[in-house]
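Participant: What follows is start.txt; its format and atoms are compact mmCIF, C-alpha atoms and all ligand atoms.
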# COMPACT_ATOMS: atom_id res chain seq x y z
CA MET A 1 -37.91 -37.14 -42.31
CA GLU A 2 -36.75 -33.96 -40.72
CA THR A 3 -35.82 -31.34 -43.24
CA SER A 4 -35.18 -28.28 -41.15
CA SER A 5 -34.92 -27.74 -37.45
CA SER A 6 -37.83 -25.31 -37.32
CA ASN A 7 -40.15 -27.79 -39.08
CA ALA A 8 -38.89 -30.58 -36.89
CA VAL A 9 -39.79 -28.75 -33.67
CA ALA A 10 -43.39 -28.28 -34.76
CA ILE A 11 -44.09 -32.00 -35.00
CA HIS A 12 -42.87 -32.80 -31.50
CA ARG A 13 -44.80 -33.43 -28.33
CA TYR A 14 -43.36 -30.35 -26.60
CA PRO A 15 -42.10 -27.02 -27.91
CA ARG A 16 -38.46 -26.13 -27.18
CA THR A 17 -39.55 -23.14 -25.10
CA LEU A 18 -42.25 -24.25 -22.69
CA GLY A 19 -42.91 -20.76 -21.40
CA ARG A 20 -41.44 -17.57 -20.07
CA TYR A 21 -42.40 -15.37 -17.15
CA GLU A 22 -41.05 -11.86 -17.09
CA GLY A 23 -40.77 -10.05 -13.76
CA GLN A 24 -41.80 -6.41 -13.47
CA GLU A 25 -38.25 -5.54 -12.48
CA ALA A 26 -35.05 -6.43 -14.36
CA GLY A 27 -32.87 -9.01 -12.62
CA PRO A 28 -31.43 -12.51 -12.87
CA LEU A 29 -32.22 -14.96 -15.63
CA LEU A 30 -33.27 -18.44 -14.46
CA ILE A 31 -33.38 -21.14 -17.15
CA CYS A 32 -34.95 -24.47 -16.17
CA LEU A 33 -34.60 -27.48 -18.45
CA GLY A 34 -36.70 -30.65 -18.36
CA GLY A 35 -36.32 -33.78 -20.46
CA ILE A 36 -32.71 -33.63 -21.68
CA HIS A 37 -33.29 -37.37 -21.34
CA GLY A 38 -36.40 -38.22 -23.35
CA ASN A 39 -37.76 -40.73 -20.84
CA GLU A 40 -37.83 -38.06 -18.10
CA PRO A 41 -40.83 -35.78 -18.78
CA ALA A 42 -41.51 -35.01 -15.09
CA GLY A 43 -39.46 -31.81 -15.18
CA ILE A 44 -41.42 -30.54 -18.18
CA LEU A 45 -44.77 -31.18 -16.48
CA ALA A 46 -43.52 -29.37 -13.38
CA LEU A 47 -42.33 -26.38 -15.42
CA GLN A 48 -45.69 -26.11 -17.16
CA LYS A 49 -47.41 -26.09 -13.76
CA VAL A 50 -45.17 -23.45 -12.18
CA LEU A 51 -45.31 -21.22 -15.27
CA SER A 52 -49.10 -21.32 -15.40
CA ARG A 53 -49.29 -20.60 -11.66
CA LEU A 54 -47.06 -17.55 -12.10
CA GLN A 55 -49.11 -16.35 -15.08
CA ALA A 56 -52.44 -16.91 -13.34
CA GLN A 57 -51.44 -15.10 -10.17
CA GLN A 58 -49.22 -12.51 -11.84
CA LEU A 59 -46.82 -12.83 -8.92
CA PRO A 60 -44.49 -9.82 -8.63
CA MET A 61 -41.00 -10.99 -9.56
CA ARG A 62 -37.49 -9.76 -10.36
CA GLY A 63 -35.84 -11.08 -13.50
CA THR A 64 -37.01 -13.81 -15.87
CA LEU A 65 -37.90 -17.50 -15.69
CA VAL A 66 -37.66 -19.54 -18.89
CA GLY A 67 -38.72 -23.19 -19.12
CA LEU A 68 -37.12 -25.31 -21.85
CA ALA A 69 -37.62 -28.87 -23.07
CA GLY A 70 -34.46 -30.90 -23.77
CA ASN A 71 -34.33 -33.79 -26.23
CA LEU A 72 -37.55 -33.21 -28.22
CA ARG A 73 -37.07 -36.15 -30.58
CA ALA A 74 -36.38 -38.57 -27.74
CA LEU A 75 -39.29 -37.15 -25.70
CA GLU A 76 -41.53 -37.89 -28.69
CA ALA A 77 -40.25 -41.48 -28.75
CA GLN A 78 -40.33 -41.67 -24.91
CA THR A 79 -36.79 -42.99 -24.79
CA ARG A 80 -33.64 -41.70 -23.06
CA PHE A 81 -32.06 -40.82 -26.42
CA LEU A 82 -32.24 -41.89 -30.06
CA ASP A 83 -28.59 -42.11 -31.14
CA ARG A 84 -26.45 -40.60 -28.38
CA ASP A 85 -27.02 -39.28 -24.87
CA LEU A 86 -27.66 -35.53 -25.33
CA ASN A 87 -26.18 -34.92 -21.88
CA ARG A 88 -22.73 -36.24 -22.88
CA LEU A 89 -22.12 -34.11 -25.95
CA TRP A 90 -21.20 -30.72 -24.46
CA LEU A 91 -17.46 -30.82 -25.07
CA ALA A 92 -15.72 -27.62 -26.15
CA GLU A 93 -14.12 -29.17 -29.22
CA ARG A 94 -17.37 -30.67 -30.46
CA ILE A 95 -19.25 -27.43 -29.90
CA SER A 96 -16.73 -25.44 -31.91
CA GLN A 97 -17.47 -27.73 -34.91
CA LEU A 98 -21.16 -28.28 -34.26
CA ASP A 99 -22.41 -26.22 -37.22
CA GLN A 100 -20.36 -28.25 -39.70
CA LEU A 101 -21.03 -31.63 -38.12
CA GLU A 102 -22.99 -34.03 -40.37
CA ASP A 103 -23.04 -37.33 -38.52
CA GLY A 104 -26.71 -38.19 -39.12
CA CYS A 105 -27.20 -38.31 -35.36
CA ALA A 106 -30.57 -37.07 -34.03
CA GLU A 107 -28.89 -35.58 -30.97
CA THR A 108 -26.60 -33.42 -33.10
CA LEU A 109 -29.72 -31.63 -34.38
CA GLU A 110 -31.06 -31.41 -30.83
CA GLN A 111 -27.81 -30.00 -29.55
CA ARG A 112 -27.66 -27.38 -32.29
CA GLU A 113 -31.21 -26.21 -31.58
CA LEU A 114 -30.77 -26.22 -27.81
CA LEU A 115 -27.45 -24.37 -28.00
CA GLU A 116 -28.99 -21.74 -30.30
CA THR A 117 -31.89 -21.27 -27.85
CA LEU A 118 -29.46 -20.89 -24.94
CA ARG A 119 -27.37 -18.40 -26.90
CA GLN A 120 -30.41 -16.26 -27.66
CA LEU A 121 -31.41 -16.24 -24.01
CA ILE A 122 -28.00 -15.69 -22.43
CA ARG A 123 -26.26 -13.35 -24.90
CA GLY A 124 -26.68 -9.78 -23.90
CA HIS A 125 -28.22 -10.61 -20.53
CA ARG A 126 -26.93 -8.30 -17.82
CA GLY A 127 -26.65 -9.90 -14.40
CA GLU A 128 -26.40 -13.45 -13.11
CA VAL A 129 -27.63 -16.43 -15.12
CA PHE A 130 -28.86 -19.54 -13.27
CA PHE A 131 -29.53 -22.92 -14.80
CA LEU A 132 -31.53 -25.78 -13.26
CA ASP A 133 -31.45 -29.17 -15.01
CA LEU A 134 -34.33 -31.47 -14.00
CA HIS A 135 -33.89 -35.25 -14.07
CA THR A 136 -35.51 -38.44 -12.81
CA SER A 137 -33.97 -41.89 -12.45
CA SER A 138 -34.85 -45.52 -13.03
CA ALA A 139 -34.65 -46.42 -9.33
CA GLU A 140 -36.94 -45.17 -6.59
CA GLY A 141 -35.50 -42.67 -4.18
CA GLN A 142 -35.78 -39.26 -2.62
CA PRO A 143 -34.86 -36.04 -4.39
CA PHE A 144 -31.33 -34.71 -4.39
CA ALA A 145 -29.23 -32.07 -6.13
CA CYS A 146 -25.77 -32.08 -7.73
CA ILE A 147 -23.48 -29.16 -8.33
CA GLY A 148 -20.00 -28.49 -9.63
CA ASP A 149 -18.15 -27.39 -6.52
CA THR A 150 -17.91 -23.63 -6.81
CA ILE A 151 -18.70 -21.25 -3.97
CA ARG A 152 -21.39 -19.59 -6.15
CA ASN A 153 -23.07 -22.95 -6.84
CA ARG A 154 -22.93 -23.88 -3.16
CA ARG A 155 -24.62 -20.61 -2.20
CA PHE A 156 -27.46 -21.38 -4.66
CA ALA A 157 -27.68 -25.00 -3.46
CA ARG A 158 -28.13 -23.97 0.15
CA ARG A 159 -31.68 -22.86 -0.78
CA PHE A 160 -32.62 -26.49 -1.55
CA PRO A 161 -32.95 -28.52 1.65
CA VAL A 162 -32.09 -31.85 -0.03
CA PRO A 163 -28.85 -33.85 -0.13
CA VAL A 164 -26.39 -31.98 -2.39
CA ILE A 165 -23.76 -34.00 -4.21
CA LEU A 166 -20.43 -32.52 -5.21
CA GLY A 167 -18.18 -33.97 -7.88
CA LEU A 168 -20.64 -35.99 -9.98
CA GLU A 169 -19.66 -33.90 -13.01
CA GLU A 170 -16.00 -34.95 -12.61
CA GLN A 171 -17.06 -38.47 -13.42
CA LEU A 172 -19.05 -37.55 -16.53
CA GLU A 173 -17.61 -36.09 -19.70
CA GLY A 174 -19.70 -33.65 -21.70
CA ALA A 175 -22.60 -32.86 -19.36
CA LEU A 176 -24.52 -29.69 -20.24
CA LEU A 177 -24.28 -28.40 -16.67
CA GLU A 178 -20.50 -28.53 -16.73
CA PHE A 179 -20.37 -26.73 -20.07
CA LEU A 180 -22.53 -23.88 -18.73
CA ASN A 181 -20.76 -23.87 -15.38
CA ASN A 182 -17.43 -23.29 -17.10
CA LEU A 183 -18.89 -20.26 -18.88
CA GLY A 184 -19.83 -18.72 -15.53
CA VAL A 185 -23.49 -19.77 -15.26
CA ILE A 186 -24.59 -20.82 -11.75
CA THR A 187 -25.81 -24.37 -12.26
CA MET A 188 -27.52 -27.22 -10.47
CA GLY A 189 -28.83 -30.63 -11.46
CA PHE A 190 -31.89 -31.87 -9.61
CA GLU A 191 -33.06 -35.49 -9.44
CA GLY A 192 -36.75 -35.63 -8.56
CA GLY A 193 -37.19 -39.39 -8.02
CA GLU A 194 -38.37 -42.30 -10.12
CA HIS A 195 -39.31 -41.59 -13.78
CA HIS A 196 -43.03 -42.25 -13.47
CA ALA A 197 -43.70 -41.39 -9.83
CA GLN A 198 -46.26 -38.62 -9.20
CA ASP A 199 -43.99 -37.31 -6.45
CA SER A 200 -41.24 -36.63 -8.99
CA VAL A 201 -43.38 -33.91 -10.63
CA ARG A 202 -44.21 -32.47 -7.20
CA TYR A 203 -40.55 -32.39 -6.15
CA HIS A 204 -39.54 -30.80 -9.44
CA GLN A 205 -42.10 -28.07 -8.85
CA ALA A 206 -40.62 -27.56 -5.40
CA ALA A 207 -37.15 -27.33 -6.93
CA ILE A 208 -38.30 -24.66 -9.41
CA TRP A 209 -39.84 -22.54 -6.62
CA ARG A 210 -36.65 -22.86 -4.57
CA ALA A 211 -34.56 -21.96 -7.62
CA LEU A 212 -36.63 -18.79 -8.05
CA VAL A 213 -35.79 -17.91 -4.45
CA GLY A 214 -32.12 -18.93 -4.80
CA ALA A 215 -31.72 -16.81 -7.93
CA GLY A 216 -33.24 -13.81 -6.15
CA CYS A 217 -36.33 -13.67 -8.40
CA LEU A 218 -38.83 -14.26 -5.57
CA PRO A 219 -38.66 -13.59 -1.82
CA ASN A 220 -38.35 -16.60 0.45
CA SER A 221 -41.52 -15.50 2.23
CA ILE A 222 -44.03 -16.42 -0.50
CA PRO A 223 -46.21 -19.43 0.44
CA GLU A 224 -45.18 -21.53 -2.60
CA ALA A 225 -41.49 -21.21 -1.71
CA GLN A 226 -42.13 -21.99 1.96
CA GLN A 227 -44.20 -25.05 1.08
CA ALA A 228 -41.52 -26.18 -1.37
CA ALA A 229 -38.81 -25.95 1.30
CA GLU A 230 -40.99 -27.90 3.71
CA ASP A 231 -41.71 -30.67 1.15
CA LEU A 232 -38.02 -31.05 0.32
CA ARG A 233 -36.94 -30.96 3.95
CA ILE A 234 -39.36 -33.78 4.81
CA SER A 235 -38.18 -35.83 1.81
CA ARG A 236 -34.57 -35.63 3.02
CA GLY A 237 -35.35 -37.33 6.33
CA SER A 238 -32.08 -38.16 8.06
CA MET A 239 -29.94 -38.11 4.89
CA PRO A 240 -26.74 -36.05 5.00
CA ARG A 241 -26.91 -32.57 3.52
CA TRP A 242 -23.62 -32.74 1.52
CA LEU A 243 -21.92 -35.68 -0.20
CA GLY A 244 -18.92 -36.09 -2.48
CA VAL A 245 -18.82 -38.59 -5.36
CA ARG A 246 -15.68 -40.73 -5.27
CA TYR A 247 -16.31 -43.50 -7.80
CA ARG A 248 -18.25 -44.20 -10.99
CA HIS A 249 -18.82 -47.73 -12.23
CA ALA A 250 -18.76 -47.31 -16.01
CA ILE A 251 -20.47 -49.95 -18.13
CA THR A 252 -20.95 -50.87 -21.79
CA PRO A 253 -23.89 -52.81 -23.27
CA GLN A 254 -21.60 -55.84 -23.76
CA ASP A 255 -20.96 -56.10 -20.01
CA GLY A 256 -24.41 -57.50 -19.25
CA PHE A 257 -24.35 -55.38 -16.08
CA ARG A 258 -26.99 -56.24 -13.50
CA MET A 259 -27.49 -54.46 -10.22
CA ARG A 260 -28.40 -56.72 -7.29
CA PRO A 261 -31.95 -55.99 -6.09
CA GLY A 262 -32.77 -53.58 -3.28
CA TYR A 263 -30.25 -50.75 -3.76
CA ARG A 264 -32.11 -47.51 -3.35
CA ASN A 265 -30.33 -44.23 -3.88
CA PHE A 266 -28.18 -43.28 -0.86
CA ARG A 267 -28.30 -46.73 0.68
CA PRO A 268 -25.14 -47.25 2.76
CA VAL A 269 -22.86 -50.08 1.57
CA GLU A 270 -20.04 -51.79 3.44
CA LYS A 271 -16.53 -52.32 2.09
CA GLY A 272 -16.46 -55.47 -0.05
CA GLU A 273 -20.25 -55.69 -0.40
CA VAL A 274 -21.34 -57.29 -3.70
CA VAL A 275 -23.76 -54.83 -5.27
CA ALA A 276 -23.89 -55.97 -8.90
CA GLU A 277 -22.59 -58.51 -11.38
CA ASP A 278 -21.52 -58.62 -15.03
CA ARG A 279 -19.96 -60.94 -17.63
CA LYS A 280 -16.49 -59.40 -17.31
CA GLN A 281 -15.85 -59.48 -13.59
CA GLY A 282 -18.60 -61.66 -12.21
CA GLU A 283 -19.38 -60.21 -8.81
CA ILE A 284 -18.82 -56.47 -8.41
CA ALA A 285 -17.92 -55.44 -4.87
CA THR A 286 -17.49 -51.94 -3.41
CA PHE A 287 -14.03 -50.73 -2.34
CA TYR A 288 -15.04 -48.85 0.77
CA ARG A 289 -17.89 -47.89 3.05
CA ALA A 290 -19.97 -45.38 1.16
CA ARG A 291 -23.43 -44.66 -0.14
CA ILE A 292 -24.68 -45.97 -3.45
CA LEU A 293 -25.94 -43.40 -5.94
CA LEU A 294 -27.98 -43.73 -9.15
CA PRO A 295 -27.99 -47.54 -9.37
CA LEU A 296 -28.99 -48.57 -12.90
CA TYR A 297 -31.87 -51.02 -12.84
CA GLN A 298 -33.36 -50.61 -16.27
CA GLY A 299 -32.97 -48.84 -19.53
CA MET A 300 -29.95 -47.34 -21.24
CA GLY A 301 -26.96 -45.56 -19.84
CA ASP A 302 -23.25 -46.02 -19.31
CA ASP A 303 -23.18 -45.52 -15.54
CA GLY A 304 -23.77 -48.67 -13.48
CA PHE A 305 -23.71 -46.88 -10.13
CA PHE A 306 -21.75 -44.27 -8.21
CA LEU A 307 -20.28 -44.27 -4.70
CA ALA A 308 -20.42 -41.16 -2.53
CA LEU A 309 -19.11 -40.20 0.92
CA ASP A 310 -20.76 -37.85 3.42
CA ILE A 311 -19.03 -34.45 3.75
CA HIS A 312 -19.07 -32.74 7.12
CA PRO A 313 -20.06 -29.04 6.81
CA PHE A 314 -16.81 -28.21 8.64
CA TRP A 315 -14.85 -29.11 5.50
CA LEU A 316 -17.05 -26.88 3.37
CA ARG A 317 -16.28 -23.93 5.65
CA ILE A 318 -12.56 -24.71 5.62
CA SER A 319 -12.49 -24.97 1.85
CA ARG A 320 -14.40 -21.68 1.46
CA TRP A 321 -11.75 -19.90 3.51
CA MET A 322 -8.92 -21.60 1.65
CA ARG A 323 -10.37 -20.33 -1.61
CA TYR A 324 -10.94 -16.79 -0.36
CA LEU A 325 -7.32 -16.79 0.78
CA HIS A 326 -6.27 -17.95 -2.72
CA LEU A 327 -4.22 -20.85 -1.37
CA ASP A 328 -4.61 -22.44 -4.82
CA ARG A 329 -1.83 -20.08 -5.98
CA ILE A 330 0.77 -21.79 -3.81
CA VAL A 331 -0.39 -25.39 -4.17
CA HIS A 332 2.56 -26.20 -6.48
CA TRP A 333 4.82 -25.89 -3.41
CA LEU A 334 3.56 -29.31 -2.30
CA PRO A 335 5.77 -32.32 -3.11
CA GLY A 336 4.88 -34.05 -6.37
CA VAL A 337 2.79 -31.10 -7.59
CA GLN A 338 3.71 -29.03 -10.66
CA ARG A 339 2.11 -26.25 -12.67
CA ILE A 340 1.58 -27.02 -16.36
CA PRO A 341 3.32 -24.24 -18.32
CA GLY A 342 1.04 -22.32 -20.65
CA GLU A 343 -2.19 -23.68 -19.17
CA SER A 344 -3.62 -21.31 -16.64
CA GLY A 345 -4.86 -22.99 -13.46
CA ALA A 346 -3.76 -26.47 -14.61
CA ILE A 347 -1.71 -28.66 -12.28
CA ARG A 348 -0.02 -32.04 -12.68
CA VAL A 349 0.19 -34.28 -9.62
CA ASN A 350 2.57 -37.23 -9.35
CA ARG A 351 0.56 -39.89 -7.56
CA LYS A 352 3.69 -41.72 -6.41
CA VAL A 353 5.02 -38.66 -4.58
CA ALA A 354 1.87 -36.86 -3.46
CA ARG A 355 0.04 -38.37 -0.53
CA TRP A 356 -3.69 -39.10 -0.54
CA GLU A 357 -4.32 -36.01 1.58
CA THR A 358 -2.66 -33.94 -1.12
CA VAL A 359 -5.17 -35.26 -3.60
CA GLU A 360 -8.10 -34.24 -1.40
CA ILE A 361 -6.62 -30.78 -0.93
CA PHE A 362 -7.31 -30.07 -4.60
CA HIS A 363 -11.03 -30.52 -4.08
CA LEU A 364 -10.94 -28.22 -1.06
CA LEU A 365 -9.10 -25.60 -3.12
CA GLY A 366 -11.62 -25.68 -5.96
CA PHE A 367 -9.84 -27.83 -8.53
CA ARG A 368 -11.64 -30.28 -10.77
CA LYS A 369 -10.05 -33.60 -11.70
CA ARG A 370 -9.48 -33.76 -15.46
CA ARG A 371 -7.81 -37.04 -16.28
CA ILE A 372 -5.32 -39.64 -15.16
CA GLU A 373 -2.16 -40.31 -17.21
CA GLY A 374 -0.17 -43.22 -15.80
CA ASP A 375 1.28 -42.12 -12.47
CA THR A 376 0.09 -38.55 -12.75
CA PHE A 377 -3.25 -36.90 -12.76
CA LEU A 378 -4.26 -33.50 -14.01
CA VAL A 379 -6.47 -31.05 -12.20
CA ARG A 380 -7.67 -27.60 -13.20
CA ARG A 381 -8.84 -24.75 -11.02
CA ARG A 382 -12.53 -24.03 -11.58
CA GLN A 383 -13.18 -20.65 -13.12
CA PHE A 384 -15.80 -18.27 -11.77
CA ASP A 385 -15.65 -19.95 -8.38
CA LEU A 386 -16.05 -16.86 -6.21
CA LYS A 387 -17.15 -14.30 -8.79
CA GLY A 388 -19.10 -14.41 -12.04
CA PRO A 389 -17.81 -13.21 -15.42
CA GLY A 390 -20.07 -10.12 -15.61
CA GLN A 391 -21.26 -10.94 -19.11
CA ILE A 392 -21.32 -14.57 -20.25
CA SER A 393 -19.93 -15.32 -23.69
CA ILE A 394 -21.60 -18.36 -25.15
ZN ZN A 401 -31.60 -37.71 -16.74
When written as structure tokens, how does the structure in this file appear?

Facilitator:
Amino acid sequence: METSSSNAVAIHRYPRTLGRYEGQEAGPLLICLGGIHGNEPAGILALQKVLSRLQAQQLPMRGTLVGLAGNLRALEAQTRFLDRDLNRLWLAERISQLDQLEDGCAETLEQRELLETLRQLIRGHRGEVFFLDLHTSSAEGQPFACIGDTIRNRRFARRFPVPVILGLEEQLEGALLEFLNNLGVITMGFEGGEHHAQDSVRYHQAAIWRALVGAGCLPNSIPEAQQAAEDLRISRGSMPRWLGVRYRHAITPQDGFRMRPGYRNFRPVEKGEVVAEDRKQGEIATFYRARILLPLYQGMGDDGFFLALDIHPFWLRISRWMRYLHLDRIVHWLPGVQRIPGESGAIRVNRKVARWETVEIFHLLGFRKRRIEGDTFLVRRRQFDLKGPGQISI
């Protein structure tokens, strides 16, 4: 039995803080997290390797790198989670009551400990805070990154020559990245490959080196960072650089969801192609030409698969200019679009009146889709899109 969180940590396979490397000069804080899913230890192994390399060579650095382990209890049991997915619990309302919560759930204890660790690191830090969340998946595939679509996140992501996916967080409620992103942290999720592949550890190491460059801790010229960029560039092959998630196929254990064989990450699918089956619908076909993302072949989870579309860099440039010009402030002039009184940056869109193009304009302008209510949907302008908060309050 676990009696107190500090005792509980001691019995686990990994400590919460895997290591810390302090640069000689003050600067950004880069926090890297491995194993928020307990069956994904590759990120932790990679962090241990990079931290010991930095220590051994005493590389001159600006700022601080901290490596953290995520779901310690699930890592011990080598399972994705014990009671609830730790990466779906970061909702503002839950966090405000977290100290009083007594639901007997292992992940509530994990969340409390992890949040406390993050608070100790971030509170009082002067300068930018970066957060890299390292994952692996049940299917084979090459590495890729996902970001919430802010200009600051995009700038960071450009340092990682892998496919970068925008909008995954809109499909998932309560992800840690989104919670931190909304506080003004620059965030990125990185998928290294299959859970047990050796390459996944290697790609995670590459991601950590590139994150150190992206955060401004290390110069791009050091050999480790150059090699990392080269490894990631080769892994990308002919994949597109930027993609947008358009659909999530949500599942429950009762569905008996089964993916058809042979769907690697990023594999193109045609409109109407049967990619999976379940007890509810029988055959599950795709709605449009797209690429399949994160197909679920084994284990737990409530995402069957995602569909993503390639984004031409032209649209990224256009949307950057639209945001610098603050066109979001006049978006309510469009037909079917209304501001929500009393909620800053929140917009209600009537789907019957607004055309499809209008819907896409919100992504370009830096809005995040919140929820659908009948014929309307709600979007909210992302905070800290162009500029950070100065000091983060967590
Ligand atoms: Zn994961």

Participant: May I ask you to write as a count of residues only all residues lying at most 6 Å from ligand ZN 401 (chain A), with only C-alpha atoms and all ligand atoms counted?

Facilitator: 3

Participant: Can you pull out the residues contacting A:Ala106? Cut-off 7 Å, using all atoms listed in the file, and skip same-chain residues under 3 positions away; I want them as a CSV table (one decimal) with C-alpha atoms, in the frame of the given file.

Facilitator:
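The resulting result-v2.csv:
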chain,number,residue,atom,x,y,z
A,82,LEU,CA,-32.2,-41.9,-30.1
A,83,ASP,CA,-28.6,-42.1,-31.1
A,109,LEU,CA,-29.7,-31.6,-34.4
A,110,GLU,CA,-31.1,-31.4,-30.8

Participant: Point out the residue among A:Ala157, A:Ala46, A:Ile151, A:Leu296 with the least atom-to-atom distance to A:Leu365, counting all atoms listed in the file.

Facilitator: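 Counting all atoms listed in the file, the residue closest to A:Leu365 is A:Ile151.
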
Participant: Please, which residues are within 10 Å of (-40.4, -29.0, -0.7) by the file's coordinates, counting only C-alpha atoms, and could they come as a VMD selection string?

Facilitator: chain A and resid 143 160 to 162 202 to 210 224 to 236

Participant: If you count only C-alpha atoms, which residues fall within 10 Å of stretch 94-105 of chain A, apart from same-chain ones fewer than 6 positions away, as a list in words?

Facilitator: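 Using only C-alpha atoms, the neighbours found are Leu82, Asp83, Arg84, Gln111, Arg112, Leu115, Gly174 and Phe179 of chain A.
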
Participant: Name the closest residue to A:Gly184 among the candidates A:Asp199, A:Asp385, A:Asp149, A:Glu283; distances are taken between atoms, counting all atoms listed in the file.

Facilitator: A:Asp385

Participant: Do you have the atom CA of A:His12-atom CA of A:Gly70 distance handy?

Facilitator: 11.6 Å

Participant: State, in Å with one decimal place, the distance from atom CA of A:Arg20 to atom CA of A:Ser221.

Facilitator: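 Here the two named atoms are 22.4 Å from each other.
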
Participant: Kindly give the distance, in Å, that separates atom CA of A:Leu18 and atom CA of A:Leu166, rounded to a single decimal.

Facilitator: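 The value is 29.2 Å.
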
Participant: Do a neighbour search on A:Gly301 at 9 Å with all atoms listed in the file, toss out local chain neighbours closer than 2 positions, and write the hits as a list in words.

Facilitator: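 Near neighbours after the sequence-gap exclusion: Arg80, Asp85, Ile251, Thr252, Pro253, Leu296, Gln298, Gly299, Asp303 and Gly304 of chain A.
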
Participant: Env of A:Ser319: 8 Å cut, atoms = only C-alpha atoms, seq-sep filter 4 positions within chain, self excluded. Answer as a PyMOL selection string.

Facilitator: chain A and resi 315+323+364-366

Participant: May I ask which of the residues A:Leu180, A:Ile44, A:Met239, A:Ile318 is the closest one to A:Phe144, counting only C-alpha atoms?

Facilitator: A:Met239

Participant: Please determine the residues with any atom at most 10 Å from (-21.3, -8.8, -10.7) (coordinates as given in the file, with all atoms listed in the file counting) and report them as a list in words.

Facilitator: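 Protein and nucleic acid residues near the point are Arg126, Gly127, Glu128, Lys387, Gly388, Pro389, Gly390 and Gln391 of chain A.
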
Participant: Choose the residue, out of A:Phe377, A:Trp333, A:Phe81, A:Tyr297, that has the smallest atom-to-atom separation from A:Asn265; count all atoms listed in the file.

Facilitator: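 Checking each of A:Phe377, A:Trp333, A:Phe81, A:Tyr297 against A:Asn265, counting all atoms listed in the file, the winner is A:Tyr297.
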
Participant: Using only C-alpha atoms, which of A:Phe156, A:Trp242, A:Tyr324, A:Phe362 sits nearest A:Ala215?

Facilitator: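 Checking each of A:Phe156, A:Trp242, A:Tyr324, A:Phe362 against A:Ala215, counting only C-alpha atoms, the winner is A:Phe156.
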
Participant: Kindly indicate which residue among A:Glu40, A:Glu373, A:Glu107, A:Asp278 lies nearest to A:Glu194, using only C-alpha atoms for the distances.

Facilitator: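 Among the listed residues, A:Glu40 lies closest to A:Glu194.
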
Participant: Within 12 Å of stretch 340-347 of chain A, which residues of stretch 251-330 of chain A come that close, and what is the closest atom pair and distance in Å for each? Count all atoms listed in the file and give it as a Markdown table.

Facilitator:
| residue | atom | partner | partner_atom | distance |
| --- | --- | --- | --- | --- |
| A:His326 | CA | A:Gly345 | CA | 11.9 |
| A:Asp328 | CA | A:Gly345 | CA | 8.7 |
| A:Arg329 | CA | A:Gly345 | CA | 8.6 |
| A:Ile330 | CA | A:Ile347 | CA | 11.2 |
